[in-house]
Amino acid sequence: TVVESAAKALELLGINDGGSPANSDCINELKVNMIITDYCMPGISGYDLLKRLKETKGLKEIPVVMMSSEDVAERVKRCLAEGAEDFITKPLQIGDIKKMRSHIKPARSVCCSAAKRKVSSRRLTGKSAERRPRLSGTVSA
(Lines give C-alpha, C1' and ligand atoms only; values in the text may rest on other atoms or scores of the structure.)
Protein backbone atom coordinates (compact mmCIF):
# COMPACT_ATOMS: atom_id res chain seq x y z
CA THR A 1 0.00 0.00 0.00
CA VAL A 2 1.49 3.33 -1.02
CA VAL A 3 0.40 6.79 0.11
CA GLU A 4 1.71 10.18 -0.98
CA SER A 5 2.39 11.76 2.43
CA ALA A 6 2.91 11.11 6.12
CA ALA A 7 -0.49 12.67 6.83
CA LYS A 8 -2.13 10.16 4.46
CA ALA A 9 -0.21 7.31 6.11
CA LEU A 10 -1.48 8.39 9.54
CA GLU A 11 -5.01 8.62 8.16
CA LEU A 12 -4.75 5.17 6.57
CA LEU A 13 -3.45 3.74 9.85
CA GLY A 14 -6.34 5.35 11.72
CA ILE A 15 -4.28 7.83 13.76
CA ASN A 16 -5.84 11.19 14.59
CA ASP A 17 -4.02 14.48 15.26
CA GLY A 18 -3.55 13.58 18.93
CA GLY A 19 -1.53 10.48 18.08
CA SER A 20 -4.17 8.00 19.19
CA PRO A 21 -6.41 5.74 17.16
CA ALA A 22 -9.10 7.81 15.43
CA ASN A 23 -11.92 5.58 16.61
CA SER A 24 -12.47 2.29 18.34
CA ASP A 25 -15.00 1.02 15.78
CA CYS A 26 -12.88 -0.14 12.88
CA ILE A 27 -14.56 -0.27 9.51
CA ASN A 28 -11.75 -2.38 8.10
CA GLU A 29 -8.43 -3.75 9.27
CA LEU A 30 -5.16 -3.30 7.43
CA LYS A 31 -2.43 -5.89 7.93
CA VAL A 32 0.98 -4.19 8.18
CA ASN A 33 4.33 -5.92 8.59
CA MET A 34 6.66 -3.01 7.76
CA ILE A 35 6.50 0.72 7.10
CA ILE A 36 9.00 2.31 4.71
CA THR A 37 9.15 6.10 4.68
CA ASP A 38 11.28 8.87 3.25
CA TYR A 39 12.88 11.23 5.76
CA CYS A 40 12.10 14.42 3.81
CA MET A 41 8.45 14.90 2.89
CA PRO A 42 6.19 17.95 2.65
CA GLY A 43 4.10 18.66 5.74
CA ILE A 44 4.91 15.98 8.29
CA SER A 45 8.49 14.70 7.97
CA GLY A 46 9.37 11.03 7.97
CA TYR A 47 11.03 11.56 11.35
CA ASP A 48 7.81 12.98 12.80
CA LEU A 49 5.87 10.08 11.29
CA LEU A 50 8.30 7.67 12.95
CA LYS A 51 7.80 9.37 16.32
CA ARG A 52 4.00 9.23 15.99
CA LEU A 53 4.09 5.55 15.07
CA LYS A 54 6.38 4.63 17.96
CA GLU A 55 4.15 6.56 20.42
CA THR A 56 0.98 4.76 19.29
CA LYS A 57 -0.16 1.59 21.00
CA GLY A 58 -0.64 -1.15 18.44
CA LEU A 59 1.77 0.44 15.94
CA LYS A 60 5.02 0.76 17.87
CA GLU A 61 5.96 -2.88 17.25
CA ILE A 62 5.73 -2.50 13.46
CA PRO A 63 9.23 -2.08 12.00
CA VAL A 64 9.90 1.27 10.31
CA VAL A 65 12.67 1.71 7.73
CA MET A 66 13.71 5.28 6.93
CA MET A 67 15.13 6.35 3.56
CA SER A 68 16.80 9.52 2.35
CA SER A 69 18.88 10.73 -0.56
CA GLU A 70 21.00 12.65 1.95
CA ASP A 71 23.45 10.74 4.15
CA VAL A 72 23.44 12.97 7.24
CA ALA A 73 24.91 11.13 10.23
CA GLU A 74 22.89 13.10 12.80
CA ARG A 75 19.61 12.22 11.05
CA VAL A 76 20.54 8.56 10.93
CA LYS A 77 21.42 8.50 14.65
CA ARG A 78 18.24 10.36 15.60
CA CYS A 79 15.98 8.02 13.61
CA LEU A 80 17.64 4.87 14.95
CA ALA A 81 17.43 6.24 18.51
CA GLU A 82 13.70 6.93 17.98
CA GLY A 83 13.09 3.31 16.99
CA ALA A 84 13.69 2.96 13.25
CA GLU A 85 14.89 -0.51 12.27
CA ASP A 86 17.19 0.86 9.59
CA PHE A 87 18.12 4.00 7.65
CA ILE A 88 18.86 3.47 3.97
CA THR A 89 20.42 6.00 1.62
CA LYS A 90 18.89 6.29 -1.85
CA PRO A 91 19.22 5.18 -4.54
CA LEU A 92 18.30 1.74 -3.26
CA GLN A 93 20.51 -1.21 -4.13
CA ILE A 94 19.57 -4.89 -4.29
CA GLY A 95 21.46 -5.42 -1.02
CA ASP A 96 19.26 -2.79 0.66
CA ILE A 97 16.11 -4.66 -0.37
CA LYS A 98 17.52 -7.93 0.94
CA LYS A 99 18.46 -6.21 4.20
CA MET A 100 14.95 -4.75 4.56
CA ARG A 101 13.42 -8.21 4.19
CA SER A 102 15.17 -9.24 7.42
CA HIS A 103 13.21 -6.58 9.33
CA ILE A 104 9.77 -7.79 8.23
CA LYS A 105 7.71 -9.17 11.09
CA PRO A 106 4.42 -11.05 10.94
CA ALA A 107 1.67 -8.67 9.86
CA ARG A 108 -0.27 -6.89 12.60
CA SER A 109 -3.88 -5.84 12.17
CA VAL A 110 -4.25 -2.08 12.23
CA CYS A 111 -7.52 -0.15 12.25
CA CYS A 112 -7.89 1.93 9.16
CA SER A 113 -10.50 4.20 7.69
CA ALA A 114 -10.75 2.45 4.33
CA ALA A 115 -14.29 1.37 3.61
CA LYS A 116 -15.12 -2.19 2.70
CA ARG A 117 -16.03 -2.60 -0.92
CA LYS A 118 -18.78 -4.71 -2.37
CA VAL A 119 -17.96 -7.40 -4.91
CA SER A 120 -20.39 -8.62 -7.55
CA SER A 121 -21.94 -12.02 -6.90
CA ARG A 122 -20.24 -13.40 -10.05
CA ARG A 123 -16.82 -12.96 -8.43
CA LEU A 124 -17.71 -14.51 -5.11
CA THR A 125 -16.52 -17.96 -4.24
CA GLY A 126 -18.00 -18.11 -0.74
CA LYS A 127 -21.21 -17.00 0.96
CA SER A 128 -20.00 -13.54 2.02
CA ALA A 129 -21.10 -10.51 -0.02
CA GLU A 130 -18.04 -8.47 0.97
CA ARG A 131 -14.37 -8.82 0.14
CA ARG A 132 -11.38 -7.03 1.62
CA PRO A 133 -9.20 -4.94 -0.68
CA ARG A 134 -5.90 -6.54 -1.65
CA LEU A 135 -3.05 -5.02 0.33
CA SER A 136 0.65 -5.76 0.15
CA GLY A 137 1.31 -5.54 3.89
CA THR A 138 3.64 -2.55 3.89
CA VAL A 139 2.83 1.11 4.06
CA SER A 140 5.20 3.36 2.21
CA ALA A 141 4.98 7.10 2.68
# chains A, B, ... in the order shown; residues from 1 in each chain; ligands from 1
>>> select_by_dssp(residues="range 60-104 of chain A", states="alpha helix (DSSP H)", output="list in words")
Ala73, Glu74, Arg75, Val76, Lys77, Arg78, Cys79, Leu80, Ala81, Glu82, Ile94, Gly95, Asp96, Ile97, Lys98, Lys99, Met100 and Arg101 of chain A
>>> residues_around(residues="Ile35 in chain A", least_positions_apart="5", cutoff="12 Å", atoms="only C-alpha atoms", output="PyMOL selection string")
chain A and resi 1-3+6+9-10+13+46+49-50+53-54+59-67+84-86+100-101+103-105+107-108+136-141
>>> atom_distance(atom1="CA of Glu11 in chain A", atom2="CA of Gly83 in chain A")
20.8 Å
>>> closest_residue(among="A:Ile15, A:Asp71, A:Glu29, A:Ser5", to="Ser45 in chain A", atoms="only C-alpha atoms")
A:Ser5
>>> atom_distance(atom1="CA of Tyr39 in chain A", atom2="CA of Ser68 in chain A")
5.5 Å
>>> atom_distance(atom1="CA of Ala73 in chain A", atom2="CA of Tyr47 in chain A")
13.9 Å
